[in-house]
>>> print(open('coords.txt').read())   # compact mmCIF, C-alpha atoms and all ligand atoms
# COMPACT_ATOMS: atom_id res chain seq x y z
CA MET A 1250 -4.36 11.89 19.97
CA GLY A 1251 -7.45 13.29 21.61
CA THR A 1252 -7.91 10.05 23.52
CA ASP A 1253 -7.91 9.98 27.28
CA GLU A 1254 -6.37 6.55 27.91
CA GLN A 1255 -7.44 6.40 31.54
CA SER A 1256 -11.10 7.22 31.28
CA GLY A 1257 -11.43 5.73 27.81
CA THR A 1258 -13.41 8.77 26.68
CA ARG A 1259 -12.56 10.33 23.38
CA ASP A 1260 -12.38 14.04 22.87
CA LEU A 1261 -14.44 14.61 19.75
CA ALA A 1262 -14.43 17.81 17.73
CA ILE A 1263 -17.13 16.45 15.41
CA GLU A 1264 -19.71 13.77 16.04
CA ILE A 1265 -22.28 12.89 13.37
CA ARG A 1266 -25.06 10.42 14.12
CA GLY A 1267 -27.73 9.07 11.79
CA LEU A 1268 -27.38 11.91 9.31
CA GLY A 1269 -29.93 11.90 6.52
CA LYS A 1270 -30.27 14.30 3.58
CA SER A 1271 -32.33 14.11 0.40
CA PHE A 1272 -33.09 16.50 -2.42
CA ASP A 1273 -36.57 15.62 -3.64
CA ASP A 1274 -36.28 11.89 -4.40
CA ASN A 1275 -32.46 11.93 -4.56
CA VAL A 1276 -31.40 10.36 -1.25
CA VAL A 1277 -27.83 11.57 -0.74
CA LEU A 1278 -27.07 10.60 2.87
CA ARG A 1279 -28.90 7.83 4.70
CA GLY A 1280 -28.08 7.46 8.37
CA LEU A 1281 -24.41 8.39 8.16
CA ASP A 1282 -22.26 8.16 11.31
CA LEU A 1283 -18.80 9.72 11.60
CA THR A 1284 -16.62 11.06 14.42
CA VAL A 1285 -13.48 13.17 14.28
CA GLU A 1286 -11.18 13.37 17.29
CA ARG A 1287 -9.93 16.74 18.37
CA GLY A 1288 -6.57 17.60 16.87
CA SER A 1289 -6.77 14.88 14.23
CA THR A 1290 -7.13 14.99 10.45
CA MET A 1291 -9.98 13.04 8.86
CA VAL A 1292 -9.85 12.54 5.10
CA ILE A 1293 -13.13 11.89 3.31
CA LEU A 1294 -13.04 9.97 0.04
CA GLY A 1295 -15.82 8.92 -2.27
CA SER A 1296 -16.79 9.01 -5.91
CA SER A 1297 -18.22 12.13 -7.51
CA GLY A 1298 -21.79 12.67 -6.32
CA SER A 1299 -21.39 10.47 -3.22
CA GLY A 1300 -22.34 13.38 -0.96
CA LYS A 1301 -18.98 14.61 0.37
CA SER A 1302 -19.71 18.28 -0.22
CA VAL A 1303 -23.26 17.87 1.09
CA LEU A 1304 -21.85 16.29 4.25
CA VAL A 1305 -19.31 19.00 5.02
CA SER A 1306 -21.75 21.77 4.07
CA MET A 1307 -23.90 20.68 6.99
CA LEU A 1308 -21.02 21.23 9.42
CA VAL A 1309 -21.10 24.96 8.71
CA GLY A 1310 -24.76 25.60 8.01
CA LEU A 1311 -24.73 25.85 4.22
CA LEU A 1312 -27.27 23.02 4.15
CA SER A 1313 -29.45 21.66 6.92
CA PRO A 1314 -29.97 17.96 7.64
CA ASP A 1315 -33.31 16.21 7.26
CA GLU A 1316 -32.50 13.96 10.20
CA GLY A 1317 -29.72 13.10 12.61
CA GLU A 1318 -27.32 14.91 14.90
CA VAL A 1319 -24.31 16.99 13.94
CA LEU A 1320 -22.27 17.87 17.01
CA VAL A 1321 -19.53 20.44 16.60
CA ASP A 1322 -17.56 20.82 19.82
CA GLY A 1323 -20.41 19.03 21.60
CA VAL A 1324 -23.15 21.34 20.32
CA ASP A 1325 -25.81 19.90 18.02
CA VAL A 1326 -26.03 22.28 15.07
CA ALA A 1327 -28.63 20.22 13.17
CA PRO A 1328 -31.57 22.31 14.46
CA PHE A 1329 -29.81 25.66 13.90
CA GLU A 1330 -31.73 28.07 11.68
CA THR A 1331 -30.30 31.55 12.21
CA ALA A 1332 -26.91 33.17 11.64
CA GLU A 1333 -26.99 34.18 15.30
CA GLN A 1334 -27.05 30.51 16.30
CA TRP A 1335 -24.19 29.71 13.92
CA ARG A 1336 -21.96 32.62 14.87
CA SER A 1337 -19.84 30.87 17.53
CA ILE A 1338 -19.34 27.87 15.23
CA TRP A 1339 -18.32 30.11 12.32
CA LEU A 1340 -15.77 31.87 14.49
CA LYS A 1341 -13.97 28.65 15.32
CA THR A 1342 -14.50 26.79 12.02
CA GLY A 1343 -12.81 27.63 8.74
CA PHE A 1344 -14.32 26.29 5.53
CA LEU A 1345 -12.57 26.18 2.17
CA PHE A 1346 -15.30 25.70 -0.45
CA GLN A 1347 -14.87 23.44 -3.42
CA GLY A 1348 -13.82 25.84 -6.20
CA ALA A 1349 -13.52 28.66 -3.63
CA ALA A 1350 -13.89 31.97 -5.36
CA LEU A 1351 -12.14 35.13 -4.25
CA PHE A 1352 -13.87 38.49 -4.38
CA ASP A 1353 -12.76 39.71 -7.85
CA SER A 1354 -12.92 43.39 -7.02
CA MET A 1355 -10.76 43.11 -3.90
CA THR A 1356 -7.00 42.75 -3.70
CA VAL A 1357 -5.42 39.64 -2.23
CA GLY A 1358 -4.83 41.54 1.03
CA GLU A 1359 -8.44 42.71 1.20
CA ASN A 1360 -9.71 39.21 0.45
CA ILE A 1361 -7.68 37.68 3.27
CA GLY A 1362 -8.42 40.54 5.65
CA PHE A 1363 -12.16 40.32 4.99
CA PRO A 1364 -13.01 37.81 7.79
CA LEU A 1365 -10.88 39.84 10.21
CA ARG A 1366 -12.77 43.04 9.36
CA GLN A 1367 -16.10 41.23 9.56
CA HIS A 1368 -15.57 39.29 12.78
CA THR A 1369 -12.95 41.12 14.87
CA ASP A 1370 -12.19 44.60 16.18
CA LEU A 1371 -8.55 44.45 15.08
CA GLY A 1372 -6.96 47.67 13.84
CA GLU A 1373 -5.50 48.06 10.35
CA ALA A 1374 -1.89 47.49 11.46
CA GLU A 1375 -2.77 44.22 13.18
CA ILE A 1376 -4.86 43.12 10.18
CA ALA A 1377 -1.95 43.85 7.83
CA GLU A 1378 0.37 41.85 10.07
CA ARG A 1379 -1.95 38.83 10.20
CA VAL A 1380 -2.50 38.97 6.42
CA ALA A 1381 1.25 39.05 5.84
CA ARG A 1382 1.72 36.11 8.20
CA VAL A 1383 -0.78 33.82 6.47
CA LEU A 1384 0.59 34.86 3.07
CA SER A 1385 4.01 33.69 4.17
CA TRP A 1386 2.53 30.37 5.29
CA ILE A 1387 1.30 29.73 1.75
CA ASP A 1388 4.51 31.01 0.10
CA LEU A 1389 2.88 34.12 -1.38
CA GLU A 1390 4.66 36.84 0.57
CA GLY A 1391 4.22 40.36 -0.74
CA THR A 1392 1.20 39.71 -2.97
CA GLU A 1393 -1.22 41.80 -0.85
CA GLY A 1394 -1.70 44.42 -3.57
CA LYS A 1395 -2.37 42.03 -6.45
CA MET A 1396 -5.83 41.44 -7.89
CA PRO A 1397 -7.09 37.82 -8.07
CA SER A 1398 -7.13 38.02 -11.89
CA GLU A 1399 -3.36 38.56 -11.82
CA LEU A 1400 -2.79 35.24 -10.05
CA SER A 1401 -2.66 31.70 -11.42
CA GLY A 1402 -5.43 29.27 -10.48
CA GLY A 1403 -3.17 27.55 -7.96
CA MET A 1404 -2.22 30.85 -6.35
CA GLN A 1405 -5.88 31.83 -6.10
CA LYS A 1406 -6.59 28.54 -4.39
CA ARG A 1407 -3.86 29.22 -1.85
CA VAL A 1408 -5.20 32.73 -1.21
CA GLY A 1409 -8.63 31.17 -0.60
CA LEU A 1410 -6.98 28.89 1.91
CA ALA A 1411 -5.27 31.84 3.59
CA ARG A 1412 -8.66 33.55 3.93
CA THR A 1413 -10.04 30.35 5.49
CA ILE A 1414 -7.39 30.17 8.20
CA VAL A 1415 -6.81 33.85 8.95
CA LEU A 1416 -9.16 33.78 11.96
CA GLU A 1417 -7.04 30.92 13.36
CA PRO A 1418 -9.93 28.45 13.53
CA GLN A 1419 -9.80 25.33 15.72
CA ILE A 1420 -11.52 23.28 13.04
CA VAL A 1421 -10.79 23.59 9.32
CA ILE A 1422 -12.83 21.90 6.61
CA TYR A 1423 -11.28 21.65 3.16
CA ASP A 1424 -13.37 20.61 0.18
CA GLU A 1425 -10.97 19.48 -2.57
CA PRO A 1426 -8.11 21.79 -1.57
CA THR A 1427 -5.64 20.47 -4.16
CA THR A 1428 -7.84 19.87 -7.20
CA GLY A 1429 -6.27 21.33 -10.31
CA LEU A 1430 -2.91 21.96 -8.66
CA ASP A 1431 0.41 20.50 -9.77
CA PRO A 1432 2.00 18.02 -7.33
CA LEU A 1433 4.44 20.55 -5.86
CA THR A 1434 1.81 23.22 -5.21
CA SER A 1435 -0.49 20.56 -3.92
CA ASP A 1436 2.19 19.48 -1.45
CA THR A 1437 2.36 23.07 -0.15
CA ILE A 1438 -1.30 22.73 0.82
CA SER A 1439 -0.76 19.32 2.41
CA GLU A 1440 2.17 20.69 4.40
CA LEU A 1441 0.03 23.54 5.63
CA VAL A 1442 -2.65 21.12 6.85
CA LEU A 1443 0.06 19.22 8.75
CA ARG A 1444 1.57 22.41 10.11
CA LEU A 1445 -1.76 23.73 11.42
CA GLN A 1446 -2.24 20.42 13.18
CA LYS A 1447 1.23 20.40 14.72
CA GLU A 1448 1.50 24.06 15.69
CA GLN A 1449 -2.09 24.94 16.53
CA GLN A 1450 -3.66 21.53 17.23
CA VAL A 1451 -6.22 22.20 14.50
CA THR A 1452 -8.81 19.53 13.74
CA SER A 1453 -9.12 19.07 9.98
CA VAL A 1454 -11.64 17.45 7.69
CA VAL A 1455 -10.24 17.09 4.19
CA VAL A 1456 -12.47 16.06 1.29
CA THR A 1457 -10.24 15.01 -1.56
CA HIS A 1458 -9.81 12.91 -4.69
CA ASP A 1459 -6.07 13.40 -4.40
CA VAL A 1460 -4.65 10.17 -2.96
CA ARG A 1461 -1.21 11.68 -2.53
CA CYS A 1462 -2.67 14.50 -0.41
CA ALA A 1463 -4.80 12.00 1.53
CA PHE A 1464 -1.79 9.84 2.37
CA LEU A 1465 0.25 12.87 3.43
CA VAL A 1466 -2.27 14.44 5.80
CA ALA A 1467 -4.65 11.75 7.10
CA ASN A 1468 -4.74 10.28 10.57
CA ARG A 1469 -7.96 8.53 9.65
CA VAL A 1470 -9.86 8.06 6.40
CA ALA A 1471 -13.56 7.52 5.71
CA MET A 1472 -14.96 6.52 2.34
CA LEU A 1473 -18.55 7.42 1.52
CA ASP A 1474 -20.70 5.17 -0.59
CA ALA A 1475 -24.46 4.85 -1.02
CA GLY A 1476 -25.13 7.56 1.55
CA CYS A 1477 -23.12 5.97 4.38
CA VAL A 1478 -19.54 5.46 5.47
CA LEU A 1479 -18.42 2.32 3.62
CA VAL A 1480 -15.05 2.04 5.42
CA GLU A 1481 -13.37 4.08 8.13
CA GLY A 1482 -10.00 3.50 9.72
CA SER A 1483 -6.50 4.71 10.47
CA LEU A 1484 -4.35 5.55 7.48
CA ASP A 1485 -2.47 2.25 7.82
CA GLN A 1486 -5.71 0.26 8.01
CA ILE A 1487 -7.04 2.06 4.95
CA LYS A 1488 -3.90 1.43 2.91
CA GLU A 1489 -4.19 -2.30 3.63
CA SER A 1490 -7.99 -2.54 3.42
CA PRO A 1491 -9.31 -5.33 1.18
CA VAL A 1492 -12.57 -3.45 0.40
CA PRO A 1493 -12.66 -3.48 -3.44
CA LYS A 1494 -14.26 -0.05 -3.95
CA LEU A 1495 -11.68 1.53 -1.66
CA ARG A 1496 -8.78 -0.26 -3.34
CA ALA A 1497 -10.07 0.82 -6.75
CA PHE A 1498 -10.24 4.41 -5.52
CA LEU A 1499 -6.75 4.38 -4.02
CA TYR A 1500 -4.85 2.25 -6.48
CA GLY A 1501 -6.86 2.57 -9.73
N1 LIG B 1601 -28.21 22.20 -3.35
C1 LIG B 1601 -28.51 21.04 -3.93
N2 LIG B 1601 -29.72 20.84 -4.47
C2 LIG B 1601 -30.05 19.66 -5.05
N3 LIG B 1601 -29.22 18.61 -5.13
C3 LIG B 1601 -28.00 18.75 -4.61
C4 LIG B 1601 -27.58 19.97 -3.99
N4 LIG B 1601 -26.30 19.81 -3.55
C5 LIG B 1601 -25.94 18.56 -3.89
N5 LIG B 1601 -26.95 17.92 -4.52
C6 LIG B 1601 -26.92 16.52 -5.00
O1 LIG B 1601 -26.38 15.71 -3.96
C7 LIG B 1601 -25.56 14.68 -4.49
C8 LIG B 1601 -24.21 14.72 -3.81
O2 LIG B 1601 -23.55 15.91 -4.20
P1 LIG B 1601 -22.15 16.36 -3.62
O3 LIG B 1601 -21.87 17.69 -4.18
O4 LIG B 1601 -22.16 16.22 -2.15
O5 LIG B 1601 -21.18 15.26 -4.22
P2 LIG B 1601 -19.60 15.12 -3.99
O6 LIG B 1601 -19.37 13.80 -3.35
O7 LIG B 1601 -19.09 16.31 -3.30
O8 LIG B 1601 -19.09 15.05 -5.50
P3 LIG B 1601 -17.76 15.70 -6.18
O9 LIG B 1601 -16.65 14.72 -5.87
O10 LIG B 1601 -18.10 15.72 -7.63
O11 LIG B 1601 -17.53 17.04 -5.60
C9 LIG B 1601 -25.54 14.89 -5.99
O12 LIG B 1601 -26.48 14.01 -6.56
C10 LIG B 1601 -25.97 16.33 -6.16
O13 LIG B 1601 -26.64 16.49 -7.37
MG MG B 1602 -17.93 17.89 -3.84
>>> encode(input="coords.txt", output="structure tokens")
Amino acid sequence: MGTDEQSGTRDLAIEIRGLGKSFDDNVVLRGLDLTVERGSTMVILGSSGSGKSVLVSMLVGLLSPDEGEVLVDGVDVAPFETAEQWRSIWLKTGFLFQGAALFDSMTVGENIGFPLRQHTDLGEAEIAERVARVLSWIDLEGTEGKMPSELSGGMQKRVGLARTIVLEPQIVIYDEPTTGLDPLTSDTISELVLRLQKEQQVTSVVVTHDVRCAFLVANRVAMLDAGCVLVEGSLDQIKESPVPKLRAFLYG
């Protein structure tokens, strides 16, 4: 996947080198390296406060690094400062925030259609069609007219996910997509991650505490600890890894 066997070069969607980030004297990331091959799914594990959200926030410009390189599709976004610079990255990268909130005063349909209205010239009929399509992907057909307050927490989470993918991004970053969901609803999300990979060759980065979700979706797994990647490997390597902190995380 994403590897050109003959030349030996790897086609990387994301390449992070020597990433450092501190908040005052709280050093969160210290020289972190991580690569994600195009079309693959990277799961990021790590204890609470290990810097997972900080890391993925820097892929979309919510935070800026103190040092290091962050290449998205070969472009170093670390020095970016303006929305104008970020625009092309935002168009091809979907980001589901941890605890993603919907706009309370908008219907489900308006919430999901929002990125389309903001970033495309599509007409209302086309927008309605795209909104209906992503709603069917998350098993919430026909809920366009509902208000977020009328939905359960799990349904809101899925609507947030629909809003993240409605622009059909090439890269999708999920920060705790299944937290607070029951196992069946959580599996719906995992299946969607797999489906986007299979049908649209999407590259995914999934931050999660949910080992079941991790095992379902991952091609590779990285565990953060002390500001760096403690272990990184294929799903099979990770399952068998002897590293105690990783084993404790996976198997309790
Ligand atoms: N905007 C910010 N300002 C100051 N400190 C921050 C900020 N964002 C994160 N931090 C600090 O960075 C550290 C890492 O936070 P982060 O949110 O990345 O952890 P996490 O691994 O995502 O944890 P969790 O699993 O609980 O979501 C924490 O010590 C946090 O307090
Ligand atoms: Mg977090």
>>> residues_near_ligand(input="coords.txt", ligand="ligand MG 1602 (chain B)", cutoff="7 Å", atoms="only C-alpha atoms and all ligand atoms", output="MDAnalysis selection string")
chainID A and resid 1297:1298 1300:1302 1347 1424
>>> residues_near_ligand(input="coords.txt", ligand="ligand LIG 1601 (chain B)", cutoff="10 Å", atoms="all atoms listed in the file", output="PyMOL selection string")
chain A and resi 1270-1278+1293-1306+1311-1312+1347-1348+1424-1425+1456-1458+1473-1474+1476
>>> atom_distance(input="coords.txt", atom1="CA of Gln1334 (chain A)", atom2="CA of Gly1358 (chain A)")
29.1 Å
>>> atom_distance(input="coords.txt", atom1="CA of Arg1287 (chain A)", atom2="CA of Phe1329 (chain A)")
22.2 Å
>>> closest_residue(input="coords.txt", among="A:Pro1426, A:Leu1465, A:Asn1360, A:His1368", to="Gly1394 (chain A)", atoms="only C-alpha atoms")
A:Asn1360
>>> closest_residue(input="coords.txt", among="A:Leu1345, A:Leu1443, A:Ala1350, A:Leu1479", to="Thr1427 (chain A)", atoms="only C-alpha atoms")
A:Leu1345
>>> closest_residue(input="coords.txt", among="A:Ser1401, A:Gln1446, A:Gln1419, A:Thr1452", to="Asp1431 (chain A)", atoms="only C-alpha atoms")
A:Ser1401
>>> residues_around(input="coords.txt", residues="region 1403-1414 of chain A", least_positions_apart="6", cutoff="8 Å", atoms="all atoms listed in the file", output="ChimeraX atom specification")
/A:1343-1345,1348-1351,1357,1360-1364,1383-1384,1387,1389,1397,1421,1426,1429-1430,1434,1438
>>> residues_near_point(input="coords.txt", point="(-27.0, 10.4, 10.4)", cutoff="8 Å", atoms="all atoms listed in the file", output="PyMOL selection string")
chain A and resi 1265-1269+1278-1282+1316-1319
>>> residues_around(input="coords.txt", residues="Leu1320 (chain A)", least_positions_apart="3", cutoff="10 Å", atoms="all atoms listed in the file", output="PyMOL selection string")
chain A and resi 1261-1266+1284+1308+1317+1323-1327
>>> closest_residue(input="coords.txt", among="A:Ile1376, A:Ala1463, A:Val1415, A:Val1309", to="Phe1498 (chain A)", atoms="all atoms listed in the file")
A:Ala1463
>>> closest_residue(input="coords.txt", among="A:Ala1497, A:Leu1484, A:Leu1340, A:Val1455", to="Ile1422 (chain A)", atoms="only C-alpha atoms")
A:Val1455
>>> atom_distance(input="coords.txt", atom1="CA of Asn1468 (chain A)", atom2="CA of Trp1335 (chain A)")
27.7 Å
>>> residues_around(input="coords.txt", residues="Phe1464 (chain A)", least_positions_apart="2", cutoff="12 Å", atoms="only C-alpha atoms", output="ChimeraX atom specification")
/A:1290-1294,1436,1439-1440,1443,1455,1457-1462,1466-1470,1483-1488,1499
>>> closest_residue(input="coords.txt", among="A:Cys1477, A:Leu1365, A:Ala1332, A:Ala1377", to="Glu1417 (chain A)", atoms="all atoms listed in the file")
A:Leu1365
>>> axis_aligned_box(input="coords.txt", around="region 1476-1490 of chain A", padding_each_side="3 Å", output="AutoDock Vina command-line options")
--center_x -13.8 --center_y 2.5 --center_z 6.0 --size_x 28.7 --size_y 16.1 --size_z 14.9
>>> decode(input="coords.txt", residues="region 1251-1367 of chain A", atoms="C-alpha atoms", output="PDB file, in the first residue's frame")
ATOM      1  CA  GLY A1251       1.478   3.276  -1.105  1.00  0.00           C
ATOM      2  CA  THR A1252       4.840   1.593  -1.589  1.00  0.00           C
ATOM      3  CA  ASP A1253       6.540   1.542  -4.942  1.00  0.00           C
ATOM      4  CA  GLU A1254       8.339  -1.811  -4.754  1.00  0.00           C
ATOM      5  CA  GLN A1255      10.642  -1.094  -7.677  1.00  0.00           C
ATOM      6  CA  SER A1256      12.025   2.271  -6.721  1.00  0.00           C
ATOM      7  CA  GLY A1257      11.734   1.607  -3.002  1.00  0.00           C
ATOM      8  CA  THR A1258      10.239   5.056  -2.491  1.00  0.00           C
ATOM      9  CA  ARG A1259       7.218   5.388  -0.284  1.00  0.00           C
ATOM     10  CA  ASP A1260       4.300   7.581  -1.155  1.00  0.00           C
ATOM     11  CA  LEU A1261       3.706   9.552   2.019  1.00  0.00           C
ATOM     12  CA  ALA A1262       0.575  11.554   2.742  1.00  0.00           C
ATOM     13  CA  ILE A1263       2.041  12.817   6.024  1.00  0.00           C
ATOM     14  CA  GLU A1264       5.648  13.128   7.081  1.00  0.00           C
ATOM     15  CA  ILE A1265       6.549  14.586  10.489  1.00  0.00           C
ATOM     16  CA  ARG A1266      10.179  15.198  11.416  1.00  0.00           C
ATOM     17  CA  GLY A1267      11.609  16.438  14.700  1.00  0.00           C
ATOM     18  CA  LEU A1268       8.338  17.952  15.860  1.00  0.00           C
ATOM     19  CA  GLY A1269       8.563  19.937  19.073  1.00  0.00           C
ATOM     20  CA  LYS A1270       5.797  21.715  20.986  1.00  0.00           C
ATOM     21  CA  SER A1271       5.698  23.216  24.473  1.00  0.00           C
ATOM     22  CA  PHE A1272       3.226  25.308  26.397  1.00  0.00           C
ATOM     23  CA  ASP A1273       5.278  27.466  28.744  1.00  0.00           C
ATOM     24  CA  ASP A1274       7.384  24.900  30.624  1.00  0.00           C
ATOM     25  CA  ASN A1275       5.126  21.958  29.721  1.00  0.00           C
ATOM     26  CA  VAL A1276       7.067  20.140  26.990  1.00  0.00           C
ATOM     27  CA  VAL A1277       4.428  18.116  25.135  1.00  0.00           C
ATOM     28  CA  LEU A1278       6.254  16.909  22.016  1.00  0.00           C
ATOM     29  CA  ARG A1279      10.028  16.588  21.826  1.00  0.00           C
ATOM     30  CA  GLY A1280      11.434  15.705  18.424  1.00  0.00           C
ATOM     31  CA  LEU A1281       8.614  13.437  17.297  1.00  0.00           C
ATOM     32  CA  ASP A1282       8.936  11.601  13.955  1.00  0.00           C
ATOM     33  CA  LEU A1283       6.011   9.895  12.213  1.00  0.00           C
ATOM     34  CA  THR A1284       5.084   9.034   8.629  1.00  0.00           C
ATOM     35  CA  VAL A1285       1.768   7.920   7.169  1.00  0.00           C
ATOM     36  CA  GLU A1286       1.651   6.243   3.768  1.00  0.00           C
ATOM     37  CA  ARG A1287      -0.942   7.390   1.302  1.00  0.00           C
ATOM     38  CA  GLY A1288      -4.101   5.314   1.440  1.00  0.00           C
ATOM     39  CA  SER A1289      -3.246   3.768   4.798  1.00  0.00           C
ATOM     40  CA  THR A1290      -4.770   4.134   8.253  1.00  0.00           C
ATOM     41  CA  MET A1291      -2.489   5.129  11.132  1.00  0.00           C
ATOM     42  CA  VAL A1292      -3.870   4.723  14.645  1.00  0.00           C
ATOM     43  CA  ILE A1293      -2.340   6.876  17.370  1.00  0.00           C
ATOM     44  CA  LEU A1294      -2.483   5.606  20.941  1.00  0.00           C
ATOM     45  CA  GLY A1295      -1.186   7.120  24.143  1.00  0.00           C
ATOM     46  CA  SER A1296      -2.296   7.933  27.648  1.00  0.00           C
ATOM     47  CA  SER A1297      -4.363  11.014  28.412  1.00  0.00           C
ATOM     48  CA  GLY A1298      -2.204  14.125  28.128  1.00  0.00           C
ATOM     49  CA  SER A1299       0.463  12.426  25.987  1.00  0.00           C
ATOM     50  CA  GLY A1300      -0.035  14.986  23.221  1.00  0.00           C
ATOM     51  CA  LYS A1301      -2.218  13.135  20.688  1.00  0.00           C
ATOM     52  CA  SER A1302      -4.623  16.014  20.154  1.00  0.00           C
ATOM     53  CA  VAL A1303      -1.761  18.518  20.087  1.00  0.00           C
ATOM     54  CA  LEU A1304      -0.070  16.415  17.407  1.00  0.00           C
ATOM     55  CA  VAL A1305      -3.065  16.140  15.091  1.00  0.00           C
ATOM     56  CA  SER A1306      -4.034  19.784  15.662  1.00  0.00           C
ATOM     57  CA  MET A1307      -0.772  20.761  13.998  1.00  0.00           C
ATOM     58  CA  LEU A1308      -1.728  18.860  10.833  1.00  0.00           C
ATOM     59  CA  VAL A1309      -4.594  21.267  10.218  1.00  0.00           C
ATOM     60  CA  GLY A1310      -3.275  24.522  11.628  1.00  0.00           C
ATOM     61  CA  LEU A1311      -5.126  24.670  14.942  1.00  0.00           C
ATOM     62  CA  LEU A1312      -1.745  24.866  16.667  1.00  0.00           C
ATOM     63  CA  SER A1313       1.655  25.691  15.237  1.00  0.00           C
ATOM     64  CA  PRO A1314       4.843  23.772  16.003  1.00  0.00           C
ATOM     65  CA  ASP A1315       7.794  25.278  17.853  1.00  0.00           C
ATOM     66  CA  GLU A1316      10.197  23.223  15.760  1.00  0.00           C
ATOM     67  CA  GLY A1317      10.274  20.511  13.123  1.00  0.00           C
ATOM     68  CA  GLU A1318       8.650  19.772   9.796  1.00  0.00           C
ATOM     69  CA  VAL A1319       5.081  18.740   9.123  1.00  0.00           C
ATOM     70  CA  LEU A1320       4.655  17.698   5.508  1.00  0.00           C
ATOM     71  CA  VAL A1321       1.128  17.182   4.245  1.00  0.00           C
ATOM     72  CA  ASP A1322       1.164  15.880   0.681  1.00  0.00           C
ATOM     73  CA  GLY A1323       4.798  16.967   0.475  1.00  0.00           C
ATOM     74  CA  VAL A1324       4.178  20.552   1.579  1.00  0.00           C
ATOM     75  CA  ASP A1325       5.682  21.727   4.874  1.00  0.00           C
ATOM     76  CA  VAL A1326       2.849  23.399   6.762  1.00  0.00           C
ATOM     77  CA  ALA A1327       4.926  24.135   9.892  1.00  0.00           C
ATOM     78  CA  PRO A1328       5.703  27.729   8.819  1.00  0.00           C
ATOM     79  CA  PHE A1329       2.116  28.465   7.696  1.00  0.00           C
ATOM     80  CA  GLU A1330       0.548  31.480   9.382  1.00  0.00           C
ATOM     81  CA  THR A1331      -2.458  32.552   7.332  1.00  0.00           C
ATOM     82  CA  ALA A1332      -5.753  30.936   6.362  1.00  0.00           C
ATOM     83  CA  GLU A1333      -4.811  31.624   2.751  1.00  0.00           C
ATOM     84  CA  GLN A1334      -1.775  29.359   3.121  1.00  0.00           C
ATOM     85  CA  TRP A1335      -3.879  26.638   4.756  1.00  0.00           C
ATOM     86  CA  ARG A1336      -6.761  26.729   2.290  1.00  0.00           C
ATOM     87  CA  SER A1337      -5.566  23.975  -0.074  1.00  0.00           C
ATOM     88  CA  ILE A1338      -4.760  21.708   2.881  1.00  0.00           C
ATOM     89  CA  TRP A1339      -8.186  22.329   4.456  1.00  0.00           C
ATOM     90  CA  LEU A1340      -9.908  21.445   1.198  1.00  0.00           C
ATOM     91  CA  LYS A1341      -8.310  18.018   1.068  1.00  0.00           C
ATOM     92  CA  THR A1342      -8.158  17.277   4.812  1.00  0.00           C
ATOM     93  CA  GLY A1343     -11.140  16.494   7.018  1.00  0.00           C
ATOM     94  CA  PHE A1344     -10.754  16.836  10.775  1.00  0.00           C
ATOM     95  CA  LEU A1345     -13.132  15.420  13.354  1.00  0.00           C
ATOM     96  CA  PHE A1346     -12.406  17.251  16.617  1.00  0.00           C
ATOM     97  CA  GLN A1347     -12.375  15.506  19.944  1.00  0.00           C
ATOM     98  CA  GLY A1348     -15.859  16.205  21.332  1.00  0.00           C
ATOM     99  CA  ALA A1349     -16.868  17.736  17.980  1.00  0.00           C
ATOM    100  CA  ALA A1350     -19.739  20.109  18.501  1.00  0.00           C
ATOM    101  CA  LEU A1351     -22.447  20.724  15.941  1.00  0.00           C
ATOM    102  CA  PHE A1352     -23.875  24.185  15.378  1.00  0.00           C
ATOM    103  CA  ASP A1353     -26.867  24.095  17.776  1.00  0.00           C
ATOM    104  CA  SER A1354     -28.991  26.536  15.819  1.00  0.00           C
ATOM    105  CA  MET A1355     -28.641  24.666  12.517  1.00  0.00           C
ATOM    106  CA  THR A1356     -30.429  21.514  11.432  1.00  0.00           C
ATOM    107  CA  VAL A1357     -28.517  18.327  10.740  1.00  0.00           C
ATOM    108  CA  GLY A1358     -28.750  19.048   7.005  1.00  0.00           C
ATOM    109  CA  GLU A1359     -27.449  22.597   7.437  1.00  0.00           C
ATOM    110  CA  ASN A1360     -24.615  21.385   9.655  1.00  0.00           C
ATOM    111  CA  ILE A1361     -23.453  18.836   7.092  1.00  0.00           C
ATOM    112  CA  GLY A1362     -23.994  21.209   4.174  1.00  0.00           C
ATOM    113  CA  PHE A1363     -22.009  23.977   5.865  1.00  0.00           C
ATOM    114  CA  PRO A1364     -18.558  23.051   4.438  1.00  0.00           C
ATOM    115  CA  LEU A1365     -20.114  22.667   0.981  1.00  0.00           C
ATOM    116  CA  ARG A1366     -21.654  26.150   1.172  1.00  0.00           C
ATOM    117  CA  GLN A1367     -18.421  27.598   2.515  1.00  0.00           C
TER     118      GLN A1367
END
